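Shown next: coords-v5.cif, containing mmCIF, C-alpha atoms.
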data_model
#
loop_
_atom_site.label_atom_id
_atom_site.label_comp_id
_atom_site.auth_asym_id
_atom_site.auth_seq_id
_atom_site.Cartn_x
_atom_site.Cartn_y
_atom_site.Cartn_z
CA MET A 1 -4.23 36.16 10.37
CA LEU A 2 -3.82 33.45 7.70
CA LYS A 3 -0.53 34.64 6.20
CA LYS A 4 1.62 32.55 8.53
CA HIS A 5 -0.49 29.42 8.15
CA PRO A 6 -0.23 26.71 5.46
CA GLY A 7 -2.62 27.13 2.52
CA GLY A 8 -4.46 23.94 3.41
CA LEU A 9 -6.04 25.54 6.48
CA LEU A 10 -8.32 27.71 4.35
CA ILE A 11 -9.38 24.67 2.32
CA ALA A 12 -10.21 22.73 5.47
CA PHE A 13 -12.09 25.78 6.79
CA PHE A 14 -14.40 26.08 3.77
CA ALA A 15 -14.89 22.33 3.35
CA ASN A 16 -15.85 22.10 7.00
CA MET A 17 -18.10 25.18 6.84
CA GLY A 18 -20.06 23.79 3.88
CA GLU A 19 -20.52 20.42 5.55
CA ARG A 20 -21.60 21.99 8.86
CA PHE A 21 -24.04 24.31 7.09
CA GLY A 22 -25.68 21.31 5.45
CA PHE A 23 -25.66 19.31 8.68
CA TYR A 24 -27.24 21.98 10.84
CA THR A 25 -29.74 22.85 8.12
CA MET A 26 -31.01 19.31 8.45
CA MET A 27 -30.77 19.15 12.24
CA ALA A 28 -32.81 22.36 12.59
CA ILE A 29 -35.85 20.73 11.00
CA LEU A 30 -35.38 16.97 11.41
CA VAL A 31 -37.72 16.39 14.36
CA LEU A 32 -40.34 18.76 12.92
CA PHE A 33 -40.16 16.94 9.58
CA LEU A 34 -40.56 13.51 11.19
CA GLN A 35 -43.62 14.65 13.12
CA ALA A 36 -45.25 16.46 10.21
CA ARG A 37 -44.54 13.82 7.57
CA TYR A 38 -45.11 10.62 9.53
CA ASP A 39 -47.41 11.79 12.35
CA LEU A 40 -44.87 10.68 14.96
CA THR A 41 -45.12 11.68 18.59
CA ALA A 42 -42.46 14.00 19.96
CA GLU A 43 -40.97 11.03 21.84
CA LYS A 44 -40.65 8.80 18.77
CA ALA A 45 -39.24 11.60 16.62
CA GLY A 46 -36.82 12.48 19.41
CA ASN A 47 -35.67 8.86 19.62
CA ILE A 48 -34.82 8.82 15.91
CA TYR A 49 -32.99 12.12 16.33
CA SER A 50 -31.04 10.76 19.31
CA TRP A 51 -30.03 7.53 17.57
CA PHE A 52 -28.98 9.48 14.52
CA TYR A 53 -26.78 11.75 16.63
CA PHE A 54 -25.32 8.75 18.45
CA SER A 55 -24.54 7.05 15.13
CA ILE A 56 -22.53 10.06 13.96
CA TYR A 57 -20.09 9.77 16.86
CA ALA A 58 -20.07 5.97 16.89
CA LEU A 59 -19.28 5.79 13.17
CA ALA A 60 -16.51 8.39 13.58
CA LEU A 61 -14.60 5.53 15.23
CA VAL A 62 -15.02 3.46 12.05
CA GLY A 63 -13.83 6.38 9.93
CA GLY A 64 -10.80 6.91 12.14
CA ILE A 65 -9.84 3.22 12.11
CA LEU A 66 -10.20 3.09 8.32
CA ALA A 67 -8.05 6.19 7.81
CA ASP A 68 -5.40 4.99 10.27
CA ALA A 69 -5.25 1.56 8.65
CA THR A 70 -4.92 2.82 5.08
CA ARG A 71 -3.10 6.12 5.81
CA LYS A 72 -5.35 7.59 3.12
CA TYR A 73 -6.96 10.32 5.20
CA LYS A 74 -7.76 12.54 2.23
CA THR A 75 -9.41 9.71 0.31
CA VAL A 76 -11.55 8.71 3.29
CA ILE A 77 -12.61 12.34 3.73
CA MET A 78 -13.58 12.54 0.05
CA PHE A 79 -15.72 9.41 0.32
CA GLY A 80 -17.33 10.88 3.43
CA ILE A 81 -18.37 14.01 1.53
CA ILE A 82 -19.81 11.96 -1.35
CA ILE A 83 -21.74 9.63 0.96
CA MET A 84 -23.20 12.55 2.92
CA PHE A 85 -24.27 14.20 -0.31
CA ILE A 86 -26.11 11.01 -1.33
CA GLY A 87 -27.85 10.88 2.06
CA TYR A 88 -29.04 14.49 1.89
CA LEU A 89 -30.19 13.97 -1.69
CA LEU A 90 -32.29 11.00 -0.59
CA MET A 91 -33.80 13.09 2.22
CA ALA A 92 -34.80 15.69 -0.38
CA ILE A 93 -37.04 13.23 -2.26
CA PRO A 94 -40.71 13.92 -1.33
CA GLY A 95 -43.11 11.17 -0.31
CA MET A 96 -40.64 8.59 0.97
CA THR A 97 -41.51 6.07 3.71
CA LEU A 98 -40.21 6.33 7.27
CA GLY A 99 -37.91 3.35 6.71
CA PHE A 100 -36.42 5.05 3.65
CA THR A 101 -35.83 8.23 5.66
CA VAL A 102 -34.14 6.34 8.51
CA ALA A 103 -31.88 4.61 5.97
CA ALA A 104 -30.97 8.00 4.48
CA LEU A 105 -30.12 9.29 7.96
CA PHE A 106 -27.82 6.31 8.49
CA ILE A 107 -26.07 7.08 5.20
CA ILE A 108 -25.53 10.67 6.34
CA ALA A 109 -24.20 9.47 9.70
CA PHE A 110 -21.78 7.06 8.01
CA GLY A 111 -20.48 9.75 5.67
CA ASN A 112 -20.07 12.12 8.58
CA GLY A 113 -18.11 9.49 10.45
CA LEU A 114 -15.66 9.26 7.55
CA PHE A 115 -15.40 13.03 7.21
CA LYS A 116 -15.45 14.83 10.52
CA GLY A 117 -12.69 13.34 12.68
CA ASN A 118 -10.35 12.75 9.78
CA LEU A 119 -10.54 16.33 8.56
CA GLN A 120 -9.62 17.43 12.07
CA ALA A 121 -6.70 15.00 11.98
CA VAL A 122 -5.49 16.40 8.65
CA VAL A 123 -5.57 19.91 10.10
CA GLY A 124 -3.34 18.65 12.91
CA GLN A 125 -1.00 16.99 10.41
CA MET A 126 -0.39 20.32 8.70
CA TYR A 127 1.08 21.59 11.95
CA ASP A 128 3.40 18.65 12.54
CA ASP A 129 5.89 20.69 10.53
CA PRO A 130 8.07 22.53 13.10
CA LYS A 131 7.67 25.68 11.00
CA TYR A 132 3.96 25.75 11.84
CA SER A 133 3.77 23.88 15.15
CA GLY A 134 3.52 27.04 17.23
CA LEU A 135 0.39 28.06 15.35
CA ARG A 136 -1.54 24.86 16.02
CA ASP A 137 -3.97 26.27 18.60
CA THR A 138 -4.71 29.33 16.46
CA ALA A 139 -5.28 27.05 13.48
CA TYR A 140 -7.92 25.02 15.29
CA MET A 141 -9.63 28.22 16.43
CA ILE A 142 -9.87 29.36 12.80
CA PHE A 143 -10.94 25.89 11.66
CA TYR A 144 -13.75 25.71 14.20
CA MET A 145 -14.97 29.16 13.20
CA GLY A 146 -16.15 27.42 10.03
CA ILE A 147 -18.42 25.25 12.17
CA ASN A 148 -19.90 28.25 13.93
CA VAL A 149 -20.44 30.24 10.73
CA GLY A 150 -22.14 27.31 8.99
CA ALA A 151 -24.26 26.47 12.02
CA PHE A 152 -25.37 30.09 12.52
CA PHE A 153 -26.95 30.50 9.08
CA ALA A 154 -28.32 26.96 8.70
CA PRO A 155 -31.63 27.34 10.64
CA TYR A 156 -32.49 30.51 8.71
CA ALA A 157 -32.00 28.69 5.42
CA ALA A 158 -34.10 25.70 6.50
CA ASN A 159 -37.03 27.75 7.78
CA GLY A 160 -36.76 30.23 4.95
CA ILE A 161 -37.11 27.66 2.17
CA ARG A 162 -40.04 25.97 3.93
CA ASN A 163 -41.91 29.26 4.47
CA TRP A 164 -41.17 30.38 0.91
CA TRP A 165 -42.63 27.18 -0.51
CA LEU A 166 -45.79 27.49 1.59
CA ARG A 167 -46.34 31.13 0.58
CA THR A 168 -45.70 30.30 -3.07
CA ASN A 169 -48.62 27.91 -2.83
CA GLY A 170 -50.94 30.25 -0.95
CA PHE A 171 -50.36 29.34 2.69
CA ALA A 172 -48.63 30.82 5.72
CA HIS A 173 -46.67 28.73 8.22
CA ASP A 174 -48.19 27.38 11.41
CA ALA A 175 -46.31 24.60 13.20
CA SER A 176 -49.41 23.43 15.07
CA LEU A 177 -51.38 22.60 11.92
CA PRO A 178 -49.70 19.35 10.75
CA SER A 179 -50.80 17.48 13.88
CA LEU A 180 -54.36 18.73 13.51
CA CYS A 181 -54.38 17.83 9.81
CA HIS A 182 -53.26 14.30 10.65
CA GLN A 183 -56.04 14.00 13.22
CA LEU A 184 -58.66 15.03 10.67
CA ILE A 185 -57.31 12.66 8.02
CA ASN A 186 -57.07 9.77 10.52
CA GLY A 187 -60.61 10.37 11.73
CA THR A 188 -59.59 11.02 15.35
CA MET A 189 -60.71 14.65 15.48
CA THR A 190 -64.04 15.28 17.22
CA ASP A 191 -64.10 19.08 17.06
CA THR A 192 -62.96 20.82 13.88
CA SER A 193 -63.42 24.39 15.12
CA THR A 194 -59.77 24.92 16.03
CA LEU A 195 -58.59 23.49 12.73
CA GLN A 196 -61.09 25.67 10.84
CA THR A 197 -59.88 28.81 12.61
CA LEU A 198 -56.21 28.08 11.93
CA ALA A 199 -56.90 27.00 8.35
CA ASP A 200 -58.66 30.28 7.62
CA LYS A 201 -55.78 32.16 9.23
CA VAL A 202 -53.01 30.55 7.14
CA SER A 203 -54.94 30.48 3.85
CA LEU A 204 -53.78 33.48 1.86
CA ALA A 205 -56.66 32.99 -0.60
CA GLY A 206 -59.37 33.46 2.01
CA PRO A 207 -61.55 31.20 4.20
CA VAL A 208 -61.26 27.44 3.73
CA ASP A 209 -64.43 25.66 2.57
CA ASP A 210 -63.20 22.06 2.46
CA LEU A 211 -61.17 21.11 5.55
CA ALA A 212 -60.32 17.62 4.28
CA LEU A 213 -58.88 19.01 1.07
CA PHE A 214 -57.02 21.70 3.00
CA ALA A 215 -55.52 19.16 5.42
CA GLY A 216 -54.11 17.00 2.64
CA ASN A 217 -52.76 19.95 0.68
CA TYR A 218 -51.21 21.66 3.69
CA LEU A 219 -49.45 18.51 4.88
CA GLU A 220 -48.07 17.79 1.42
CA LEU A 221 -46.80 21.34 0.95
CA PHE A 222 -45.50 21.63 4.51
CA THR A 223 -43.40 18.47 4.33
CA ARG A 224 -42.27 19.14 0.75
CA GLY A 225 -40.88 22.45 1.97
CA TYR A 226 -38.74 20.46 4.40
CA ASN A 227 -37.63 18.17 1.57
CA TYR A 228 -36.44 21.24 -0.31
CA ALA A 229 -34.55 22.34 2.79
CA PHE A 230 -32.76 18.98 2.78
CA GLY A 231 -31.95 19.79 -0.84
CA ILE A 232 -30.24 22.95 0.40
CA ALA A 233 -28.12 20.72 2.64
CA ALA A 234 -27.22 18.59 -0.39
CA GLY A 235 -26.24 21.77 -2.25
CA ALA A 236 -23.97 22.79 0.61
CA MET A 237 -22.25 19.41 0.33
CA VAL A 238 -21.66 20.05 -3.38
CA ILE A 239 -19.85 23.28 -2.50
CA SER A 240 -17.82 21.49 0.16
CA MET A 241 -17.01 18.75 -2.35
CA LEU A 242 -15.86 21.15 -5.07
CA VAL A 243 -13.62 23.06 -2.67
CA TYR A 244 -12.09 19.81 -1.51
CA ILE A 245 -11.64 18.32 -4.98
CA PHE A 246 -9.92 21.34 -6.51
CA PHE A 247 -7.72 22.31 -3.59
CA ASN A 248 -7.06 19.20 -1.51
CA ARG A 249 -3.52 19.10 -2.95
CA LEU A 250 -2.72 21.77 -0.37
CA LEU A 251 -3.48 19.32 2.45
CA PRO A 252 -0.77 16.94 3.74
CA ASN A 253 -0.63 13.46 2.24
CA LYS A 254 0.37 11.03 4.99
CA GLU A 255 0.10 7.97 2.77
CA LYS A 256 3.23 9.20 0.98
CA THR A 257 5.26 10.27 4.00
CA GLY A 258 4.66 7.26 6.19
CA LYS A 259 3.44 7.15 9.75
CA ALA A 260 2.86 10.44 11.52
CA SER A 261 4.72 11.13 14.73
CA GLY A 262 2.87 11.32 18.03
CA PRO A 263 0.07 9.18 19.43
CA ALA A 264 -3.19 9.08 17.52
CA VAL A 265 -6.41 7.19 18.00
CA SER A 266 -8.98 6.72 15.26
CA GLY A 267 -7.56 9.42 13.03
CA ILE A 268 -7.65 12.13 15.69
CA ARG A 269 -4.32 13.34 17.07
CA PHE A 270 -4.09 14.36 20.68
CA ASN A 271 -3.72 18.13 20.55
CA PHE A 272 -4.88 20.89 22.83
CA MET A 273 -7.66 22.66 20.95
CA PRO A 274 -9.60 25.78 21.95
CA LEU A 275 -13.11 25.49 23.26
CA THR A 276 -15.72 26.12 20.58
CA LEU A 277 -19.40 26.96 20.55
CA ARG A 278 -20.32 24.05 18.34
CA ASP A 279 -18.78 20.79 17.26
#
Could you rewrite the structure in this file as structure tokens?
Amino acid sequence: MLKKHPGGLLIAFFANMGERFGFYTMMAILVLFLQARYDLTAEKAGNIYSWFYFSIYALALVGGILADATRKYKTVIMFGIIIMFIGYLLMAIPGMTLGFTVAALFIIAFGNGLFKGNLQAVVGQMYDDPKYSGLRDTAYMIFYMGINVGAFFAPYAANGIRNWWLRTNGFAHDASLPSLCHQLINGTMTDTSTLQTLADKVSLAGPVDDLALFAGNYLELFTRGYNYAFGIAAGAMVISMLVYIFFNRLLPNKEKTGKASGPAVSGIRFNFMPLTLRD
């Protein structure tokens, strides 16, 4: 399938797949992490999630304008990868404040804005060559397969690393426990029977004698497992970065060839692209 396509398509595919794997690893657990770590209500955690998602698409406009103005699409994409990596790395640090986490999310959104639309534009630029123009739609189908592959495995990685960390430290996973632990620690719990039952159930070492000690330990381990999952996202960005650094010479360089033909807005060329499961 790839024999008739330019070599840069495979590079864009893997760079995109790594970035999407990291992104959806984080998105699979973001709301759960915010609630467990900061004792946020579902509404408040959902608001942060929504604003983060909005920022990604709003900042894509900034990334497109920057790439169009400088004609350095590949450089802007590279900076996007680096900035996203920094954001995920910050999210992986345990014990940070809510403000710190929100700032890290903004960094990720900004990096994504530099990366996402401009990589799509570069894929389109490869097919401006008449030799490849007839393969444009097929190329985007292959390119977007990278999104779907990365997104498919991401939730398994996020949940797997969290559950592994809990079991390593003698506990099983129960998503209802963080809220109850916060209630006990905050002094708002009037009946501890439910917490005691669940604590005994998830404790692999046997019944829990000290609920206060259990609550603090379980919350710390539960949220640290999520931090490690964010570290997996950072690792995925490293892979995406290495692929891009070593093979980006196969991608077109518009800053050398001048302005591209055809109308473009914010780094994204108007092309008919196949419908995909995820974007």
Would you be able to write out as number ranges by chain which residues have an atom within 10 Å of (-31.7, 13.7, 3.7) in the file's coordinates, counting all atoms listed in the file? A: 22-23, 26, 30, 84-93, 100-108, 226-234
Given the file shown, enumerate the residues that the PyMOL selection byres ((chain A and resi 172-179) around 7) captures and present them as a list of chain:residue names. A:Ala36, A:Asp39, A:Asn163, A:Leu166, A:Arg167, A:Phe171, A:Leu180, A:Cys181, A:His182, A:Gln183, A:Val202, A:Ser203, A:Leu204, A:Leu219
A:Tyr132 surroundings by only C-alpha atoms, 9 Å radius, close-in-sequence under 3 positions cut, as a PyMOL selection string: chain A and resi 4-6+126-129+135-136
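The protein and nucleic acid residues lying at most 10 Å from A:Ser55 are Tyr49, Ser50, Trp51, Phe52, Tyr53, Tyr57, Ala58, Leu59, Ala60, Leu105, Phe106, Ile108, Ala109, Phe110, Asn112 and Gly113 of chain A, with all atoms listed in the file considered and sequence neighbours fewer than 2 positions away removed.
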So what do you get for atom CA of A:Ser240 versus atom CA of A:Gly111, distance-wise? 13.2 Å
I need the residue nearest A:Ala157 from this list: A:Gly225, A:Gly99, A:Gly117, A:Gly64. Use all atoms listed in the file for the distance. A:Gly225
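The smallest atom-to-atom distance between A:Trp165 and any of A:Leu34, A:Ala45, A:Leu221, A:Met78, using all atoms listed in the file, is found for A:Leu221.
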Need to verify the contact set: A:Ala236, 7 Å, all atoms listed in the file, exclusion of same-chain residues closer than 6 positions in sequence. Can you return it as a PyMOL selection string? chain A and resi 18-19+21-22
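Atom pair atom CA of A:Tyr156 / atom CA of A:Met27: separated by 12.0 Å.
Rounded to one decimal, atom CA of A:Ile245 and atom CA of A:Phe54 lie 28.8 Å from each other.
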Output of the PyMOL selection byres ((chain A and resi 75) around 12), listed as a PyMOL selection string: chain A and resi 63+66-68+70-74+76-82+114-115+118-119+122+244-245+248-249+251-255
Which residue out of A:Ala205, A:Lys116, A:Phe13, A:Leu250 has the minimum interatomic distance to A:Thr168 when all atoms listed in the file are used? A:Ala205
Counting only C-alpha atoms, the option among A:Met145, A:Ile29, A:Ala12, A:Ile65 closest to A:Val123: A:Ala12
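Using all atoms listed in the file for every distance, the candidate list A:Asn217, A:Trp164, A:Leu40, A:Gly170 yields A:Gly170 as the residue closest to A:Lys201.
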For this structure, which residues satisfy the selection - the PyMOL selection byres ((chain A and resi 150) around 7) - when it is evaluated on the file as given? I want them as number ranges by chain. A: 17-18, 20-21, 146-149, 151-154
Output file for the selection above: C-alpha atoms, as a PDB file, in the coordinates of the input:
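This went into again24.pdb:
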ATOM      1  CA  MET A  17     -18.100  25.180   6.840  1.00  0.00           C
ATOM      2  CA  GLY A  18     -20.060  23.790   3.880  1.00  0.00           C
ATOM      3  CA  ARG A  20     -21.600  21.990   8.860  1.00  0.00           C
ATOM      4  CA  PHE A  21     -24.040  24.310   7.090  1.00  0.00           C
ATOM      5  CA  GLY A 146     -16.150  27.420  10.030  1.00  0.00           C
ATOM      6  CA  ILE A 147     -18.420  25.250  12.170  1.00  0.00           C
ATOM      7  CA  ASN A 148     -19.900  28.250  13.930  1.00  0.00           C
ATOM      8  CA  VAL A 149     -20.440  30.240  10.730  1.00  0.00           C
ATOM      9  CA  ALA A 151     -24.260  26.470  12.020  1.00  0.00           C
ATOM     10  CA  PHE A 152     -25.370  30.090  12.520  1.00  0.00           C
ATOM     11  CA  PHE A 153     -26.950  30.500   9.080  1.00  0.00           C
ATOM     12  CA  ALA A 154     -28.320  26.960   8.700  1.00  0.00           C
TER      13      ALA A 154
END
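Taking all atoms listed in the file into account, A:Phe33 lies nearest to A:Asn159 out of the set A:Asn159, A:Gln120, A:Thr190, A:Asn16.
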How big is the axis-aligned box around the listed atoms of stretch 120-125 of chain A once 6 Å is added on each side, and where is its centre? Give both in Å to one decimal, as JSON.
{"center_x": -5.3, "center_y": 17.5, "center_z": 10.8, "size_x": 20.6, "size_y": 16.9, "size_z": 16.3}
